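Enquirer: upload-v4.txt is reproduced below (compact mmCIF, C-alpha atoms).
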# COMPACT_ATOMS: atom_id res chain seq x y z
CA MET A 347 -15.95 12.58 -1.20
CA SER A 348 -17.83 9.83 -3.02
CA SER A 349 -15.30 7.05 -2.43
CA PRO A 350 -15.39 5.19 0.90
CA TYR A 351 -11.69 5.90 1.49
CA THR A 352 -9.88 8.80 -0.15
CA ILE A 353 -6.22 9.81 -0.15
CA GLN A 354 -5.31 13.23 -1.50
CA VAL A 355 -1.66 13.62 -2.46
CA LEU A 356 -0.15 17.11 -2.57
CA SER A 357 2.84 17.31 -4.91
CA ILE A 358 4.53 19.52 -7.47
CA PHE A 359 4.88 16.43 -9.69
CA THR A 360 1.40 14.90 -9.73
CA GLU A 361 2.18 12.99 -12.95
CA TYR A 362 4.51 10.83 -10.87
CA PHE A 363 1.52 8.85 -9.62
CA GLU A 364 -0.27 8.11 -12.88
CA SER A 365 1.35 4.80 -13.89
CA PRO A 366 1.81 3.17 -10.45
CA LEU A 367 -1.78 3.88 -9.42
CA ALA A 368 -3.12 2.34 -12.63
CA THR A 369 -1.22 -0.93 -12.12
CA SER A 370 -1.95 -4.31 -10.54
CA ILE A 371 -4.09 -4.66 -7.40
CA THR A 372 -4.04 -0.92 -6.73
CA GLY A 373 -5.38 -0.04 -10.16
CA LYS A 374 -8.10 -2.70 -10.00
CA ALA A 375 -9.21 -1.58 -6.54
CA ILE A 376 -9.45 2.04 -7.69
CA GLU A 377 -11.47 0.96 -10.74
CA LYS A 378 -13.87 -0.89 -8.43
CA GLY A 379 -14.29 2.21 -6.28
CA LEU A 380 -12.82 0.59 -3.16
CA PHE A 381 -10.72 3.69 -2.58
CA ALA A 382 -9.61 6.81 -4.43
CA VAL A 383 -6.30 8.62 -4.79
CA GLU A 384 -6.61 12.25 -5.86
CA PRO A 385 -3.43 14.21 -6.68
CA VAL A 386 -3.43 17.93 -5.86
CA ASP A 387 -0.92 20.09 -7.74
CA ILE A 388 0.76 22.49 -5.29
CA ARG A 389 1.94 24.68 -8.19
CA ALA A 390 -1.67 25.44 -9.05
CA PHE A 391 -1.88 27.45 -5.81
CA ALA A 392 1.17 29.62 -6.50
CA THR A 393 0.13 33.15 -7.37
CA ASP A 394 3.16 34.47 -9.27
CA LYS A 395 3.58 34.08 -13.03
CA HIS A 396 6.36 31.50 -12.61
CA LYS A 397 4.30 29.33 -10.22
CA THR A 398 7.10 29.40 -7.67
CA THR A 399 6.93 26.88 -4.84
CA ASP A 400 10.41 27.28 -3.30
CA ASP A 401 12.77 29.97 -2.09
CA VAL A 402 16.18 30.37 -0.42
CA PRO A 403 16.34 29.63 3.33
CA PHE A 404 16.55 32.44 5.87
CA GLY A 405 19.92 32.32 7.57
CA GLY A 406 21.65 30.97 4.50
CA GLY A 407 22.63 27.45 3.67
CA ALA A 408 22.47 25.06 0.74
CA GLY A 409 19.34 24.17 -1.15
CA MET A 410 15.85 25.61 -1.28
CA VAL A 411 12.81 25.44 1.00
CA MET A 412 9.17 24.96 0.00
CA LYS A 413 7.30 28.23 0.42
CA PRO A 414 4.38 28.35 2.86
CA GLU A 415 1.87 30.29 0.73
CA PRO A 416 1.13 27.78 -2.08
CA LEU A 417 1.55 24.75 0.18
CA VAL A 418 -0.85 26.06 2.83
CA ALA A 419 -3.35 27.06 0.15
CA ALA A 420 -3.18 23.51 -1.26
CA LEU A 421 -3.56 22.05 2.23
CA GLU A 422 -6.58 24.23 2.95
CA PHE A 423 -8.14 23.21 -0.36
CA ALA A 424 -7.64 19.51 0.44
CA HIS A 425 -8.78 19.94 4.05
CA ALA A 426 -12.00 21.67 2.93
CA ARG A 427 -12.78 18.59 0.82
CA GLN A 428 -11.89 16.19 3.66
CA PRO A 429 -12.22 17.95 7.02
CA ASP A 430 -11.61 14.76 9.02
CA ALA A 431 -8.63 13.47 7.03
CA LEU A 432 -5.20 13.26 8.66
CA ARG A 433 -2.68 15.67 7.16
CA ILE A 434 0.64 13.82 6.89
CA LEU A 435 4.00 15.22 5.83
CA LEU A 436 6.41 12.67 4.39
CA THR A 437 9.84 13.53 5.78
CA PRO A 438 13.02 11.74 6.97
CA GLN A 439 12.45 13.45 10.33
CA GLY A 440 9.08 11.79 10.92
CA GLU A 441 8.09 8.77 12.98
CA PRO A 442 9.07 5.44 11.35
CA PHE A 443 6.46 3.82 9.14
CA HIS A 444 5.64 0.19 10.00
CA GLN A 445 2.87 -2.36 9.56
CA ALA A 446 0.98 -1.45 12.72
CA LEU A 447 0.93 2.18 11.62
CA ALA A 448 -0.29 1.14 8.16
CA ARG A 449 -3.16 -0.70 9.81
CA GLU A 450 -3.94 2.31 12.02
CA LEU A 451 -4.02 4.67 9.03
CA SER A 452 -6.20 2.26 7.04
CA GLN A 453 -8.87 2.88 9.67
CA ALA A 454 -8.62 6.66 9.47
CA PRO A 455 -11.42 8.64 7.77
CA GLY A 456 -9.00 9.55 4.98
CA LEU A 457 -5.53 10.95 4.38
CA ILE A 458 -3.89 14.05 2.95
CA LEU A 459 -0.27 13.24 2.07
CA VAL A 460 2.17 16.09 1.54
CA CYS A 461 5.22 15.35 -0.60
CA GLY A 462 8.09 17.54 0.48
CA ARG A 463 10.87 18.61 -1.88
CA TYR A 464 14.22 20.36 -1.77
CA GLU A 465 15.61 20.82 1.77
CA GLY A 466 12.13 20.53 3.27
CA VAL A 467 9.11 22.73 3.93
CA ASP A 468 8.80 25.94 5.88
CA GLU A 469 8.48 24.96 9.55
CA ARG A 470 5.42 27.17 9.99
CA VAL A 471 3.50 24.86 7.67
CA ILE A 472 4.31 21.92 9.91
CA ASP A 473 3.36 23.84 13.06
CA GLY A 474 0.00 25.01 11.78
CA TRP A 475 -1.26 22.62 9.11
CA ILE A 476 0.27 19.16 9.60
CA ASP A 477 -1.11 16.52 11.97
CA ARG A 478 1.63 13.94 11.66
CA GLU A 479 5.11 13.47 10.17
CA ILE A 480 6.10 10.04 8.82
CA SER A 481 9.38 8.62 7.52
CA ILE A 482 9.76 5.43 5.47
CA GLY A 483 13.38 4.93 6.53
CA ASP A 484 16.71 6.39 7.49
CA TYR A 485 17.68 7.74 4.09
CA VAL A 486 16.94 10.79 1.97
CA LEU A 487 14.94 10.86 -1.27
CA THR A 488 14.72 13.63 -3.85
CA GLY A 489 11.10 14.11 -2.83
CA GLY A 490 8.21 12.62 -0.91
CA GLU A 491 6.51 11.07 -3.95
CA PRO A 492 8.09 7.58 -3.65
CA ALA A 493 7.30 7.59 0.07
CA ALA A 494 3.69 8.54 -0.66
CA LEU A 495 3.36 5.59 -3.04
CA ILE A 496 4.71 3.25 -0.36
CA LEU A 497 2.16 4.50 2.17
CA ILE A 498 -0.65 4.26 -0.36
CA ASP A 499 0.25 0.66 -1.25
CA ALA A 500 0.77 -0.53 2.33
CA ILE A 501 -2.38 1.14 3.66
CA THR A 502 -4.91 0.51 0.91
CA ARG A 503 -4.18 -3.23 0.62
CA LEU A 504 -5.58 -3.47 4.16
CA LEU A 505 -8.92 -1.96 3.13
CA PRO A 506 -11.93 -4.32 2.84
CA GLY A 507 -12.17 -6.00 -0.55
CA VAL A 508 -8.80 -4.89 -1.94
CA LEU A 509 -7.06 -8.25 -1.47
CA GLY A 510 -8.77 -11.43 -2.57
CA ASN A 511 -7.62 -13.49 0.41
CA VAL A 512 -7.91 -11.50 3.63
CA CYS A 513 -6.33 -14.33 5.62
CA SER A 514 -3.00 -13.68 3.90
CA ILE A 515 -2.76 -10.28 5.62
CA ASP A 516 -2.61 -11.86 9.08
CA GLU A 517 0.18 -14.26 8.03
CA GLU A 518 2.45 -11.67 6.43
CA SER A 519 5.74 -10.44 7.81
CA PHE A 520 5.32 -7.71 10.45
CA SER A 521 1.62 -8.46 10.98
CA LYS A 522 2.96 -10.36 13.99
CA PRO A 523 6.32 -9.79 15.75
CA SER A 524 8.01 -12.15 13.29
CA LEU A 525 8.92 -12.61 9.64
CA GLU A 526 6.84 -14.82 7.38
CA TYR A 527 7.74 -18.47 6.83
CA PRO A 528 9.20 -19.71 3.48
CA HIS A 529 6.84 -20.39 0.58
CA TYR A 530 7.01 -23.07 -2.13
CA THR A 531 4.98 -23.90 -5.22
CA ARG A 532 5.17 -26.25 -8.23
CA PRO A 533 7.29 -27.95 -9.43
CA ARG A 534 8.04 -30.29 -6.52
CA GLU A 535 11.71 -30.39 -7.55
CA PHE A 536 13.63 -27.61 -9.27
CA ARG A 537 17.28 -27.98 -10.30
CA GLY A 538 18.04 -30.41 -7.52
CA ARG A 539 16.15 -28.50 -4.84
CA SER A 540 13.04 -30.12 -3.35
CA VAL A 541 10.02 -28.82 -1.51
CA PRO A 542 10.19 -29.82 2.20
CA ASP A 543 8.38 -33.12 2.72
CA VAL A 544 6.22 -31.74 5.53
CA LEU A 545 4.42 -29.43 3.08
CA LEU A 546 3.43 -32.45 1.00
CA SER A 547 2.24 -34.51 3.97
CA GLY A 548 -1.34 -33.25 4.08
CA ASN A 549 -1.03 -33.04 7.88
CA HIS A 550 -2.24 -29.52 8.67
CA LYS A 551 -0.99 -29.52 12.23
CA LEU A 552 2.53 -30.57 11.20
CA ILE A 553 2.52 -27.94 8.46
CA ALA A 554 1.39 -25.24 10.91
CA ASP A 555 4.07 -26.27 13.41
CA TRP A 556 6.75 -26.26 10.69
CA ARG A 557 5.72 -22.84 9.45
CA ARG A 558 5.71 -21.43 12.97
CA ALA A 559 9.19 -22.82 13.65
CA GLN A 560 10.52 -21.51 10.34
CA SER A 561 9.06 -18.09 11.05
CA GLU A 562 10.72 -17.95 14.46
CA LYS A 563 14.05 -19.20 13.04
CA ARG A 564 14.03 -16.67 10.21
CA THR A 565 13.19 -13.85 12.62
CA ARG A 566 15.98 -14.80 15.04
CA GLU A 567 18.49 -14.91 12.17
CA ARG A 568 17.41 -11.83 10.23
CA ARG A 569 15.46 -9.49 12.52
CA PRO A 570 16.07 -10.34 16.20
CA ASP A 571 15.06 -6.75 17.01
CA LEU A 572 11.43 -7.68 16.28
CA LEU A 573 11.49 -10.28 19.02
CA ASP A 574 13.25 -7.92 21.42
CA ASN A 575 10.70 -5.16 20.77
CA HIS A 576 7.84 -7.60 21.31
CA ARG A 577 9.30 -8.73 24.63
CA ASP A 578 9.82 -5.14 25.76
CA SER A 579 6.21 -4.24 24.93
CA ASN A 580 4.95 -7.13 27.05
CA ASP A 581 7.10 -6.31 30.10
Re-express the file's structure as structure tokens.

Expert:
Amino acid sequence: MSSPYTIQVLSIFTEYFESPLATSITGKAIEKGLFAVEPVDIRAFATDKHKTTDDVPFGGGAGMVMKPEPLVAALEFAHARQPDALRILLTPQGEPFHQALARELSQAPGLILVCGRYEGVDERVIDGWIDREISIGDYVLTGGEPAALILIDAITRLLPGVLGNVCSIDEESFSKPSLEYPHYTRPREFRGRSVPDVLLSGNHKLIADWRRAQSEKRTRERRPDLLDNHRDSND
């Protein structure tokens, strides 16, 4: 692969990614060659005339299951192009996605993301051709494509050169065991609401102390679990 960091995305709806990946910071970074996203159409590996990628589940039940033959063929094609890339299935049953995991995956040699559909994929595919299963939350989507976009965005913004101000990454919510402090910009007053005086003081220590206190307050009020998890990890 020519790009320094490449993500292959296996999907039966590869057109889903065209507009989001051409937009904003992501699109500019791809244009600059900072990373590449390469969709792989699973249907292209189906061998029947209807390009079938799903079938009824053994044992009965509602819904359909993604067939192993075209999906494994697509995985083997992607793996041959990127032998060291992690093969990740996006599924509600996977490990929760979070900022630390995004940072970990940004340091991987590359990724192969598999977008599941229907009731899921044949378990034999997971057993033999998937390295990791990841979930973006405790809810069910119609397919793994939205989840793949979330991973792509969260991971690639951590790559060198993608963001203009690398310092902002370290101050963001979830980069530390706390939420980010409030932000303000011009105008100084807006419809009777003023910017806190401390931010206009020019005293960098006071500003840093205020931001730290606001971050801790916001975390206690909104996500106390972050503080609890941090304490547990340090015990």

Enquirer: Quick one: residues within 12 Å of Arg532 of chain A, all atoms listed in the file, excluding same-chain residues fewer than 6 positions away - as a list of chain:residue names?

Expert: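 Returned residues: A:Arg539, A:Ser540, A:Val541, A:Leu545, A:Leu546.
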
Enquirer: Name the residues in contact with Val486 of chain A at a cut-off of 10 Å, using all atoms listed in the file, excluding same-chain residues fewer than 4 positions from it; report them as a ChimeraX atom specification.

Expert: /A:437-439,481-482,490

Enquirer: Quick check, in Å to one decimal: how far apart do atom CA of Leu432 of chain A and atom CA of Ile371 of chain A lie?

Expert: 24.1 Å

Enquirer: Expressed in Å to a single decimal, how great is the separation between atom CA of Tyr362 of chain A and atom CA of Leu509 of chain A?

Expert: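 Separation of atom CA of Tyr362 of chain A and atom CA of Leu509 of chain A: 24.2 Å.
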
Enquirer: Give me the residues within 8 Å of segment 390-394 of chain A as number ranges by chain, counting only C-alpha atoms and dropping any in the same chain fewer than 5 places off.

Expert: A: 399, 415-417, 419-420

Enquirer: Env of Gly507 of chain A: 12 Å cut, atoms = all atoms listed in the file, seq-sep filter 5 positions within chain, self excluded. Answer as a list of chain:residue names.

Expert: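 Residues meeting the cut-off are A:Pro350, A:Ile371, A:Thr372, A:Lys374, A:Ala375, A:Ile376, A:Lys378, A:Gly379, A:Leu380, A:Phe381, A:Thr502, A:Val512, A:Cys513.
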
Enquirer: Quick check, in Å to one decimal: how far apart do atom CA of Tyr464 of chain A and atom CA of Leu356 of chain A lie?

Expert: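 Taking atom CA of Tyr464 of chain A and atom CA of Leu356 of chain A, their separation equals 14.8 Å.
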
Enquirer: Residues at most 12 Å from Asp543 of chain A, counting only C-alpha atoms, excluding those fewer than 4 positions away in the same chain, as an MDAnalysis selection string?

Expert: chainID A and resid 530 534:535 539 547:549 552:553 556

Enquirer: Hey, which of A:Ala408, A:Glu465, A:Phe423, A:Ile501 ends up closest to Gln453 of chain A? Count only C-alpha atoms.

Expert: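 Nearest to Gln453 of chain A: A:Ile501.
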
Enquirer: Ranking A:Leu573, A:Val467, A:Ile388, A:Leu367 by minimum distance to Val411 of chain A and counting all atoms listed in the file, which one comes first?

Expert: A:Val467

Enquirer: Considering all atoms listed in the file, can you say which of A:Pro455, A:Pro570, A:Pro414, A:Pro429 comes closest to Pro523 of chain A?

Expert: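 The answer is A:Pro570, which sits nearest to Pro523 of chain A.
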
Enquirer: Could you put an axis-aligned box around every listed atom of segment 538-555 of chain A, padded by 8 Å on each side, and send me its centre and edge lengths in Å to one decimal, as JSON?

Expert:
{"center_x": 7.9, "center_y": -29.9, "center_z": 2.9, "size_x": 36.3, "size_y": 25.3, "size_z": 36.9}
